[in-house]
$ cat protein_17.pdb   # PDB, C-alpha atoms and all ligand atoms
ATOM      1  CA  MET P   1      14.705 -36.274  -2.855  1.00  0.00           C
ATOM      2  CA  LYS P   2      13.280 -34.939   0.372  1.00  0.00           C
ATOM      3  CA  SER P   3      11.394 -31.668   0.029  1.00  0.00           C
ATOM      4  CA  ALA P   4      10.948 -29.103   2.769  1.00  0.00           C
ATOM      5  CA  LYS P   5       9.943 -25.463   2.855  1.00  0.00           C
ATOM      6  CA  PRO P   6      13.139 -23.417   3.192  1.00  0.00           C
ATOM      7  CA  SER P   7      13.457 -21.381   6.355  1.00  0.00           C
ATOM      8  CA  PRO P   8      14.004 -17.635   5.979  1.00  0.00           C
ATOM      9  CA  ILE P   9      17.454 -16.206   6.487  1.00  0.00           C
ATOM     10  CA  LYS P  10      17.861 -14.952  10.036  1.00  0.00           C
ATOM     11  CA  ALA P  11      17.723 -11.207  10.520  1.00  0.00           C
ATOM     12  CA  ARG P  12      16.642  -8.790  13.197  1.00  0.00           C
ATOM     13  CA  GLU P  13      12.970  -8.042  13.631  1.00  0.00           C
ATOM     14  CA  ARG P  14      12.104  -4.429  12.879  1.00  0.00           C
ATOM     15  CA  SER P  15       9.182  -2.086  12.544  1.00  0.00           C
ATOM     16  CA  SER P  16       8.237  -1.221   8.987  1.00  0.00           C
ATOM     17  CA  THR P  17       7.999   2.478   9.865  1.00  0.00           C
ATOM     18  CA  LYS P  18      11.632   2.888  10.995  1.00  0.00           C
ATOM     19  CA  PRO P  19      14.491   3.620   8.592  1.00  0.00           C
ATOM     20  CA  ALA P  20      16.520   0.549   7.792  1.00  0.00           C
ATOM     21  CA  PRO P  21      20.194   1.610   7.562  1.00  0.00           C
ATOM     22  CA  GLU P  22      21.428  -1.979   7.434  1.00  0.00           C
ATOM     23  CA  LEU P  23      19.344  -2.510   4.322  1.00  0.00           C
ATOM     24  CA  GLU P  24      21.309   0.323   2.727  1.00  0.00           C
ATOM     25  CA  VAL P  25      24.579  -1.380   3.657  1.00  0.00           C
ATOM     26  CA  LEU P  26      23.327  -4.677   2.252  1.00  0.00           C
ATOM     27  CA  ALA P  27      22.235  -3.028  -0.998  1.00  0.00           C
ATOM     28  CA  LEU P  28      25.572  -1.236  -1.412  1.00  0.00           C
ATOM     29  CA  GLU P  29      27.457  -4.474  -0.790  1.00  0.00           C
ATOM     30  CA  ALA P  30      25.232  -6.479  -3.132  1.00  0.00           C
ATOM     31  CA  ARG P  31      25.793  -3.892  -5.886  1.00  0.00           C
ATOM     32  CA  LYS P  32      29.405  -5.062  -6.151  1.00  0.00           C
ATOM     33  CA  HIS P  33      28.132  -8.416  -7.456  1.00  0.00           C
ATOM     34  CA  ALA P  34      25.869  -7.040 -10.178  1.00  0.00           C
ATOM     35  CA  TYR P  35      26.190  -8.708 -13.577  1.00  0.00           C
ATOM     36  CA  ALA P  36      25.939  -5.716 -15.898  1.00  0.00           C
ATOM     37  CA  PRO P  37      28.499  -6.128 -18.715  1.00  0.00           C
ATOM     38  CA  TYR P  38      26.299  -4.294 -21.228  1.00  0.00           C
ATOM     39  CA  SER P  39      24.927  -1.264 -19.401  1.00  0.00           C
ATOM     40  CA  ARG P  40      27.657  -1.056 -16.723  1.00  0.00           C
ATOM     41  CA  PHE P  41      24.814   0.152 -14.507  1.00  0.00           C
ATOM     42  CA  HIS P  42      25.394  -1.867 -11.355  1.00  0.00           C
ATOM     43  CA  VAL P  43      22.428  -2.203  -9.038  1.00  0.00           C
ATOM     44  CA  GLY P  44      22.105  -3.839  -5.636  1.00  0.00           C
ATOM     45  CA  ALA P  45      18.835  -4.181  -3.797  1.00  0.00           C
ATOM     46  CA  ALA P  46      17.929  -5.285  -0.302  1.00  0.00           C
ATOM     47  CA  VAL P  47      14.405  -5.984   0.833  1.00  0.00           C
ATOM     48  CA  GLN P  48      13.105  -6.536   4.323  1.00  0.00           C
ATOM     49  CA  MET P  49      10.322  -9.078   4.133  1.00  0.00           C
ATOM     50  CA  SER P  50       8.548 -10.768   7.036  1.00  0.00           C
ATOM     51  CA  GLY P  51      11.282  -9.449   9.356  1.00  0.00           C
ATOM     52  CA  HIS P  52      14.180 -10.827   7.327  1.00  0.00           C
ATOM     53  CA  SER P  53      16.600  -9.295   4.856  1.00  0.00           C
ATOM     54  CA  PHE P  54      17.260 -10.529   1.329  1.00  0.00           C
ATOM     55  CA  THR P  55      19.439  -9.115  -1.432  1.00  0.00           C
ATOM     56  CA  GLY P  56      19.574  -9.159  -5.203  1.00  0.00           C
ATOM     57  CA  VAL P  57      21.542  -7.673  -8.076  1.00  0.00           C
ATOM     58  CA  ASN P  58      20.700  -6.857 -11.653  1.00  0.00           C
ATOM     59  CA  VAL P  59      21.534  -9.725 -14.008  1.00  0.00           C
ATOM     60  CA  GLU P  60      21.821  -8.683 -17.634  1.00  0.00           C
ATOM     61  CA  ASN P  61      21.718 -10.851 -20.736  1.00  0.00           C
ATOM     62  CA  ALA P  62      23.040 -10.452 -24.289  1.00  0.00           C
ATOM     63  CA  SER P  63      19.381 -10.729 -25.242  1.00  0.00           C
ATOM     64  CA  TYR P  64      18.617  -7.465 -23.436  1.00  0.00           C
ATOM     65  CA  PRO P  65      14.917  -7.985 -22.592  1.00  0.00           C
ATOM     66  CA  LEU P  66      15.838 -11.066 -20.566  1.00  0.00           C
ATOM     67  CA  SER P  67      17.764  -8.951 -18.064  1.00  0.00           C
ATOM     68  CA  VAL P  68      16.322  -8.892 -14.546  1.00  0.00           C
ATOM     69  CA  CYS P  69      16.449  -5.986 -12.102  1.00  0.00           C
ATOM     70  CA  ALA P  70      18.071  -6.206  -8.672  1.00  0.00           C
ATOM     71  CA  GLU P  71      14.793  -5.499  -6.896  1.00  0.00           C
ATOM     72  CA  ARG P  72      13.044  -8.401  -8.605  1.00  0.00           C
ATOM     73  CA  ASN P  73      15.910 -10.758  -7.838  1.00  0.00           C
ATOM     74  CA  ALA P  74      15.785  -9.714  -4.166  1.00  0.00           C
ATOM     75  CA  ILE P  75      12.033 -10.400  -4.121  1.00  0.00           C
ATOM     76  CA  ALA P  76      12.651 -13.818  -5.669  1.00  0.00           C
ATOM     77  CA  ALA P  77      15.215 -14.614  -2.970  1.00  0.00           C
ATOM     78  CA  ALA P  78      12.731 -13.562  -0.283  1.00  0.00           C
ATOM     79  CA  VAL P  79       9.935 -15.696  -1.692  1.00  0.00           C
ATOM     80  CA  MET P  80      12.358 -18.607  -1.951  1.00  0.00           C
ATOM     81  CA  GLY P  81      13.135 -18.025   1.732  1.00  0.00           C
ATOM     82  CA  GLY P  82       9.471 -18.143   2.682  1.00  0.00           C
ATOM     83  CA  ALA P  83       9.006 -14.377   3.215  1.00  0.00           C
ATOM     84  CA  VAL P  84       6.144 -12.631   1.399  1.00  0.00           C
ATOM     85  CA  ASN P  85       5.356  -9.508   3.470  1.00  0.00           C
ATOM     86  CA  LEU P  86       7.310  -6.520   2.136  1.00  0.00           C
ATOM     87  CA  GLU P  87       8.339  -4.001   4.795  1.00  0.00           C
ATOM     88  CA  ALA P  88      11.231  -1.918   3.398  1.00  0.00           C
ATOM     89  CA  VAL P  89      13.498  -1.633   0.371  1.00  0.00           C
ATOM     90  CA  ALA P  90      16.946  -0.183  -0.311  1.00  0.00           C
ATOM     91  CA  VAL P  91      18.340   0.211  -3.817  1.00  0.00           C
ATOM     92  CA  ALA P  92      21.973   1.086  -4.476  1.00  0.00           C
ATOM     93  CA  THR P  93      23.328   2.473  -7.764  1.00  0.00           C
ATOM     94  CA  ASP P  94      26.115   4.806  -8.849  1.00  0.00           C
ATOM     95  CA  ALA P  95      23.572   7.357 -10.022  1.00  0.00           C
ATOM     96  CA  SER P  96      23.565  10.864  -8.577  1.00  0.00           C
ATOM     97  CA  PRO P  97      20.972  11.609  -7.413  1.00  0.00           C
ATOM     98  CA  PRO P  98      20.333   7.952  -6.491  1.00  0.00           C
ATOM     99  CA  ALA P  99      18.053   6.151  -8.945  1.00  0.00           C
ATOM    100  CA  ALA P 100      14.539   5.074  -8.010  1.00  0.00           C
ATOM    101  CA  PRO P 101      13.212   1.590  -8.842  1.00  0.00           C
ATOM    102  CA  CYS P 102      11.891   1.233 -12.402  1.00  0.00           C
ATOM    103  CA  GLY P 103       8.161   1.069 -13.040  1.00  0.00           C
ATOM    104  CA  GLY P 104       8.153  -2.696 -13.476  1.00  0.00           C
ATOM    105  CA  CYS P 105       9.848  -3.234 -10.129  1.00  0.00           C
ATOM    106  CA  ARG P 106       7.434  -0.866  -8.415  1.00  0.00           C
ATOM    107  CA  GLN P 107       4.601  -3.128  -9.518  1.00  0.00           C
ATOM    108  CA  VAL P 108       6.455  -6.269  -8.397  1.00  0.00           C
ATOM    109  CA  LEU P 109       7.141  -4.675  -5.002  1.00  0.00           C
ATOM    110  CA  ARG P 110       3.462  -3.739  -4.712  1.00  0.00           C
ATOM    111  CA  GLU P 111       2.476  -7.402  -5.048  1.00  0.00           C
ATOM    112  CA  PHE P 112       4.015  -8.067  -1.617  1.00  0.00           C
ATOM    113  CA  ALA P 113       3.075  -4.830   0.193  1.00  0.00           C
ATOM    114  CA  ALA P 114       0.054  -5.104   2.475  1.00  0.00           C
ATOM    115  CA  ASP P 115       0.070  -1.308   2.885  1.00  0.00           C
ATOM    116  CA  PRO P 116       2.231   0.541   0.322  1.00  0.00           C
ATOM    117  CA  ALA P 117       2.046   3.721   2.424  1.00  0.00           C
ATOM    118  CA  LYS P 118       4.080   1.921   5.118  1.00  0.00           C
ATOM    119  CA  VAL P 119       6.778   0.499   2.840  1.00  0.00           C
ATOM    120  CA  GLN P 120       9.833   2.773   2.889  1.00  0.00           C
ATOM    121  CA  ILE P 121      12.012   2.777  -0.215  1.00  0.00           C
ATOM    122  CA  THR P 122      15.481   4.272   0.027  1.00  0.00           C
ATOM    123  CA  ALA P 123      17.711   4.900  -2.977  1.00  0.00           C
ATOM    124  CA  ILE P 124      21.379   5.319  -2.141  1.00  0.00           C
ATOM    125  CA  ASN P 125      24.737   5.631  -3.879  1.00  0.00           C
ATOM    126  CA  PRO P 126      28.296   4.999  -2.648  1.00  0.00           C
ATOM    127  CA  LYS P 127      28.711   8.718  -1.914  1.00  0.00           C
ATOM    128  CA  GLY P 128      25.974   8.380   0.688  1.00  0.00           C
ATOM    129  CA  GLU P 129      23.387  10.429  -1.168  1.00  0.00           C
ATOM    130  CA  ARG P 130      19.841   9.256  -0.409  1.00  0.00           C
ATOM    131  CA  ARG P 131      16.339   9.681  -1.686  1.00  0.00           C
ATOM    132  CA  ARG P 132      13.361   8.288   0.187  1.00  0.00           C
ATOM    133  CA  TRP P 133       9.767   7.585  -0.685  1.00  0.00           C
ATOM    134  CA  THR P 134       7.006   5.250   0.329  1.00  0.00           C
ATOM    135  CA  LEU P 135       5.865   2.699  -2.215  1.00  0.00           C
ATOM    136  CA  ALA P 136       2.515   4.514  -2.314  1.00  0.00           C
ATOM    137  CA  GLN P 137       4.322   7.675  -3.432  1.00  0.00           C
ATOM    138  CA  LEU P 138       6.185   5.833  -6.209  1.00  0.00           C
ATOM    139  CA  LEU P 139       3.144   3.864  -7.369  1.00  0.00           C
ATOM    140  CA  PRO P 140      -0.076   5.709  -6.547  1.00  0.00           C
ATOM    141  CA  ASP P 141      -3.471   4.149  -7.334  1.00  0.00           C
ATOM    142  CA  SER P 142      -1.729   0.827  -7.860  1.00  0.00           C
ATOM    143  CA  PHE P 143      -3.162  -2.284  -9.465  1.00  0.00           C
ATOM    144  CA  THR P 144      -3.386  -5.372  -7.235  1.00  0.00           C
ATOM    145  CA  GLY P 145      -4.932  -8.802  -7.226  1.00  0.00           C
ATOM    146  CA  LYS P 146      -7.998  -7.248  -5.575  1.00  0.00           C
ATOM    147  CA  GLU P 147      -8.941  -5.891  -8.989  1.00  0.00           C
ATOM    148  CA  LEU P 148      -9.106  -9.378 -10.477  1.00  0.00           C
ATOM    149  CA  PRO P 149     -12.269 -11.469 -10.497  1.00  0.00           C
ATOM    150  CA  LYS P 150     -12.216 -13.995  -7.658  1.00  0.00           C
ATOM    151  CA  ALA P 151     -12.327 -16.919 -10.066  1.00  0.00           C
ATOM    152  CA  THR P 152      -8.854 -16.050 -11.368  1.00  0.00           C
ATOM    153  CA  ARG P 153      -7.148 -15.790  -7.965  1.00  0.00           C
TER     154      ARG P 153
HETATM  155 ZN    ZN P 201      13.431  -2.612 -12.160  1.00  0.00          ZN
END

$ encode --input "protein_17.pdb" --output "structure tokens"
Amino acid sequence: MKSAKPSPIKARERSSTKPAPELEVLALEARKHAYAPYSRFHVGAAVQMSGHSFTGVNVENASYPLSVCAERNAIAAAVMGGAVNLEAVAVATDASPPAAPCGGCRQVLREFAADPAKVQITAINPKGERRRWTLAQLLPDSFTGKELPKATR
């Protein structure tokens, strides 16, 4: 079988410092496809990476620890699409006030953020309530691959 690097999904180029309202729309739409039969906590996430948009939903499992968050599934879709530079994130839930990404996802997002102070994270719900942070605010003094000895990288 022929193998080729997948090309990223087309999306508009954008500055990482501007709000990304279309990411919010994508996250809200993705949320409708969440697989959350156990918690009924439906989450949609949209990430802008390397100028392109990717979405994910939470996917739960009867063996609860195997469940995967929407943010991590969106990151996986981006990496699969060849995008590894995180620029902005939107997360949609039903929570009021809108729920922030969990600690594990904050660390996964950090892996792809060149400058976490420039990565805008917006939490939104269907009522249009929003909360905004930078990744640096949600995960200060973060751990990165720079902490690891060079031999392990
Ligand atoms: Zn999470």

$ resolve_selection --input "protein_17.pdb" --expression "the PyMOL selection byres (((chain P and resi 96) around 10) and not hetatm)" --output "MDAnalysis selection string"
chainID P and resid 93:95 97:99 124:130

$ closest_residue --input "protein_17.pdb" --among "P:Pro116, P:Pro65, P:Pro37, P:Gly56" --to "Glu87 (chain P)" --atoms "only C-alpha atoms"
P:Pro116

$ closest_residue --input "protein_17.pdb" --among "P:Asn58, P:Ser50, P:Gln120, P:Ser63" --to "Ala92 (chain P)" --atoms "all atoms listed in the file"
P:Asn58

$ atom_distance --input "protein_17.pdb" --atom1 "CA of Ala45 (chain P)" --atom2 "CA of Val25 (chain P)"
9.8 Å

$ residues_near_point --input "protein_17.pdb" --point "(7.2, -15.6, 4.6)" --cutoff "9 Å" --atoms "all atoms listed in the file" --output "PyMOL selection string"
chain P and resi 7-8+49-52+78-85

$ residues_near_ligand --input "protein_17.pdb" --ligand "ligand ZN 201 (chain P)" --cutoff "7 Å" --atoms "all atoms listed in the file" --output "compact mmCIF listing (two decimals) with C-alpha atoms, in the frame of the given file"
# COMPACT_ATOMS: atom_id res chain seq x y z
CA CYS P 69 16.45 -5.99 -12.10
CA ALA P 70 18.07 -6.21 -8.67
CA GLU P 71 14.79 -5.50 -6.90
CA ARG P 72 13.04 -8.40 -8.60
CA PRO P 101 13.21 1.59 -8.84
CA CYS P 102 11.89 1.23 -12.40
CA GLY P 103 8.16 1.07 -13.04
CA GLY P 104 8.15 -2.70 -13.48
CA CYS P 105 9.85 -3.23 -10.13

$ atom_distance --input "protein_17.pdb" --atom1 "CA of Leu26 (chain P)" --atom2 "CA of Gln48 (chain P)"
10.6 Å

$ residues_near_point --input "protein_17.pdb" --point "(-3.5, -0.8, -6.5)" --cutoff "12 Å" --atoms "only C-alpha atoms" --output "list in words"
Arg106, Gln107, Val108, Leu109, Arg110, Glu111, Phe112, Ala113, Ala114, Asp115, Pro116, Ala117, Leu135, Ala136, Gln137, Leu138, Leu139, Pro140, Asp141, Ser142, Phe143, Thr144, Gly145, Lys146, Glu147 and Leu148 of chain P

$ decode --input "protein_17.pdb" --residues "region 32-137 of chain P" --atoms "C-alpha atoms" --output "PDB file, in the first residue's frame"
ATOM      1  CA  LYS P  32     -23.171  17.082  19.300  1.00  0.00           C
ATOM      2  CA  HIS P  33     -21.136  14.015  18.287  1.00  0.00           C
ATOM      3  CA  ALA P  34     -19.632  13.292  21.698  1.00  0.00           C
ATOM      4  CA  TYR P  35     -19.800   9.669  22.830  1.00  0.00           C
ATOM      5  CA  ALA P  36     -20.635  10.079  26.510  1.00  0.00           C
ATOM      6  CA  PRO P  37     -23.237   7.445  27.482  1.00  0.00           C
ATOM      7  CA  TYR P  38     -21.902   7.177  31.040  1.00  0.00           C
ATOM      8  CA  SER P  39     -21.270  10.738  32.191  1.00  0.00           C
ATOM      9  CA  ARG P  40     -23.672  12.452  29.750  1.00  0.00           C
ATOM     10  CA  PHE P  41     -21.083  15.236  29.804  1.00  0.00           C
ATOM     11  CA  HIS P  42     -20.757  16.044  26.117  1.00  0.00           C
ATOM     12  CA  VAL P  43     -17.604  17.860  25.096  1.00  0.00           C
ATOM     13  CA  GLY P  44     -16.500  19.227  21.740  1.00  0.00           C
ATOM     14  CA  ALA P  45     -13.103  20.735  21.126  1.00  0.00           C
ATOM     15  CA  ALA P  46     -11.584  22.607  18.221  1.00  0.00           C
ATOM     16  CA  VAL P  47      -7.913  23.398  17.920  1.00  0.00           C
ATOM     17  CA  GLN P  48      -6.173  25.695  15.496  1.00  0.00           C
ATOM     18  CA  MET P  49      -2.818  24.179  14.668  1.00  0.00           C
ATOM     19  CA  SER P  50      -0.363  25.337  12.010  1.00  0.00           C
ATOM     20  CA  GLY P  51      -3.117  27.553  10.562  1.00  0.00           C
ATOM     21  CA  HIS P  52      -5.692  24.781  10.249  1.00  0.00           C
ATOM     22  CA  SER P  53      -8.677  23.742  12.328  1.00  0.00           C
ATOM     23  CA  PHE P  54      -9.304  20.280  13.749  1.00  0.00           C
ATOM     24  CA  THR P  55     -12.053  18.983  16.014  1.00  0.00           C
ATOM     25  CA  GLY P  56     -12.539  16.226  18.546  1.00  0.00           C
ATOM     26  CA  VAL P  57     -15.119  14.925  20.992  1.00  0.00           C
ATOM     27  CA  ASN P  58     -14.897  13.022  24.233  1.00  0.00           C
ATOM     28  CA  VAL P  59     -15.113   9.263  23.700  1.00  0.00           C
ATOM     29  CA  GLU P  60     -16.037   7.333  26.821  1.00  0.00           C
ATOM     30  CA  ASN P  61     -15.630   3.636  27.527  1.00  0.00           C
ATOM     31  CA  ALA P  62     -17.353   1.187  29.886  1.00  0.00           C
ATOM     32  CA  SER P  63     -13.876   0.784  31.344  1.00  0.00           C
ATOM     33  CA  TYR P  64     -13.892   4.410  32.502  1.00  0.00           C
ATOM     34  CA  PRO P  65     -10.132   5.137  32.570  1.00  0.00           C
ATOM     35  CA  LEU P  66      -9.942   4.368  28.853  1.00  0.00           C
ATOM     36  CA  SER P  67     -12.132   7.363  28.033  1.00  0.00           C
ATOM     37  CA  VAL P  68     -10.427  10.116  26.039  1.00  0.00           C
ATOM     38  CA  CYS P  69     -11.131  13.842  26.276  1.00  0.00           C
ATOM     39  CA  ALA P  70     -12.279  15.947  23.327  1.00  0.00           C
ATOM     40  CA  GLU P  71      -9.177  18.128  23.465  1.00  0.00           C
ATOM     41  CA  ARG P  72      -6.855  15.141  23.162  1.00  0.00           C
ATOM     42  CA  ASN P  73      -8.849  13.712  20.274  1.00  0.00           C
ATOM     43  CA  ALA P  74      -8.665  17.080  18.482  1.00  0.00           C
ATOM     44  CA  ILE P  75      -4.887  17.125  19.001  1.00  0.00           C
ATOM     45  CA  ALA P  76      -4.662  13.597  17.602  1.00  0.00           C
ATOM     46  CA  ALA P  77      -6.619  14.661  14.514  1.00  0.00           C
ATOM     47  CA  ALA P  78      -4.283  17.631  14.042  1.00  0.00           C
ATOM     48  CA  VAL P  79      -1.150  15.519  14.332  1.00  0.00           C
ATOM     49  CA  MET P  80      -2.665  13.031  11.898  1.00  0.00           C
ATOM     50  CA  GLY P  81      -3.209  15.975   9.542  1.00  0.00           C
ATOM     51  CA  GLY P  82       0.414  17.048   9.798  1.00  0.00           C
ATOM     52  CA  ALA P  83      -0.155  20.065  12.090  1.00  0.00           C
ATOM     53  CA  VAL P  84       1.905  20.323  15.288  1.00  0.00           C
ATOM     54  CA  ASN P  85       1.977  24.048  16.176  1.00  0.00           C
ATOM     55  CA  LEU P  86      -0.863  24.881  18.578  1.00  0.00           C
ATOM     56  CA  GLU P  87      -2.296  28.381  18.164  1.00  0.00           C
ATOM     57  CA  ALA P  88      -5.781  28.429  19.746  1.00  0.00           C
ATOM     58  CA  VAL P  89      -8.322  26.158  21.411  1.00  0.00           C
ATOM     59  CA  ALA P  90     -12.089  26.216  21.925  1.00  0.00           C
ATOM     60  CA  VAL P  91     -13.874  23.787  24.228  1.00  0.00           C
ATOM     61  CA  ALA P  92     -17.652  23.445  24.290  1.00  0.00           C
ATOM     62  CA  THR P  93     -19.659  21.857  27.122  1.00  0.00           C
ATOM     63  CA  ASP P  94     -23.085  22.314  28.686  1.00  0.00           C
ATOM     64  CA  ALA P  95     -21.493  23.543  31.898  1.00  0.00           C
ATOM     65  CA  SER P  96     -22.336  26.979  33.263  1.00  0.00           C
ATOM     66  CA  PRO P  97     -19.958  28.659  33.663  1.00  0.00           C
ATOM     67  CA  PRO P  98     -18.225  26.903  30.741  1.00  0.00           C
ATOM     68  CA  ALA P  99     -15.781  24.202  31.834  1.00  0.00           C
ATOM     69  CA  ALA P 100     -12.032  24.590  31.415  1.00  0.00           C
ATOM     70  CA  PRO P 101      -9.863  21.781  30.002  1.00  0.00           C
ATOM     71  CA  CYS P 102      -8.851  19.149  32.570  1.00  0.00           C
ATOM     72  CA  GLY P 103      -5.307  19.058  33.907  1.00  0.00           C
ATOM     73  CA  GLY P 104      -4.278  16.172  31.676  1.00  0.00           C
ATOM     74  CA  CYS P 105      -5.415  17.991  28.551  1.00  0.00           C
ATOM     75  CA  ARG P 106      -3.613  21.152  29.615  1.00  0.00           C
ATOM     76  CA  GLN P 107      -0.379  19.178  29.618  1.00  0.00           C
ATOM     77  CA  VAL P 108      -1.151  17.597  26.232  1.00  0.00           C
ATOM     78  CA  LEU P 109      -1.922  21.036  24.781  1.00  0.00           C
ATOM     79  CA  ARG P 110       1.352  22.358  26.204  1.00  0.00           C
ATOM     80  CA  GLU P 111       3.295  19.739  24.238  1.00  0.00           C
ATOM     81  CA  PHE P 112       2.351  21.551  21.011  1.00  0.00           C
ATOM     82  CA  ALA P 113       2.510  25.185  22.196  1.00  0.00           C
ATOM     83  CA  ALA P 114       5.694  27.026  21.256  1.00  0.00           C
ATOM     84  CA  ASP P 115       4.646  29.914  23.523  1.00  0.00           C
ATOM     85  CA  PRO P 116       1.811  29.059  25.949  1.00  0.00           C
ATOM     86  CA  ALA P 117       1.295  32.767  26.691  1.00  0.00           C
ATOM     87  CA  LYS P 118       0.127  33.209  23.075  1.00  0.00           C
ATOM     88  CA  VAL P 119      -2.270  30.254  22.959  1.00  0.00           C
ATOM     89  CA  GLN P 120      -5.823  31.451  23.630  1.00  0.00           C
ATOM     90  CA  ILE P 121      -8.208  28.943  25.182  1.00  0.00           C
ATOM     91  CA  THR P 122     -11.916  29.693  25.085  1.00  0.00           C
ATOM     92  CA  ALA P 123     -14.516  27.678  26.974  1.00  0.00           C
ATOM     93  CA  ILE P 124     -18.052  28.093  25.690  1.00  0.00           C
ATOM     94  CA  ASN P 125     -21.516  26.626  26.190  1.00  0.00           C
ATOM     95  CA  PRO P 126     -24.612  26.620  23.956  1.00  0.00           C
ATOM     96  CA  LYS P 127     -25.988  29.636  25.841  1.00  0.00           C
ATOM     97  CA  GLY P 128     -23.025  31.626  24.559  1.00  0.00           C
ATOM     98  CA  GLU P 129     -21.317  32.027  27.916  1.00  0.00           C
ATOM     99  CA  ARG P 130     -17.528  32.227  27.561  1.00  0.00           C
ATOM    100  CA  ARG P 131     -14.432  32.050  29.673  1.00  0.00           C
ATOM    101  CA  ARG P 132     -11.012  32.827  28.249  1.00  0.00           C
ATOM    102  CA  TRP P 133      -7.470  32.182  29.348  1.00  0.00           C
ATOM    103  CA  THR P 134      -4.076  31.669  27.823  1.00  0.00           C
ATOM    104  CA  LEU P 135      -2.515  28.244  28.167  1.00  0.00           C
ATOM    105  CA  ALA P 136       0.158  29.846  30.361  1.00  0.00           C
ATOM    106  CA  GLN P 137      -2.569  30.971  32.770  1.00  0.00           C
TER     107      GLN P 137
END
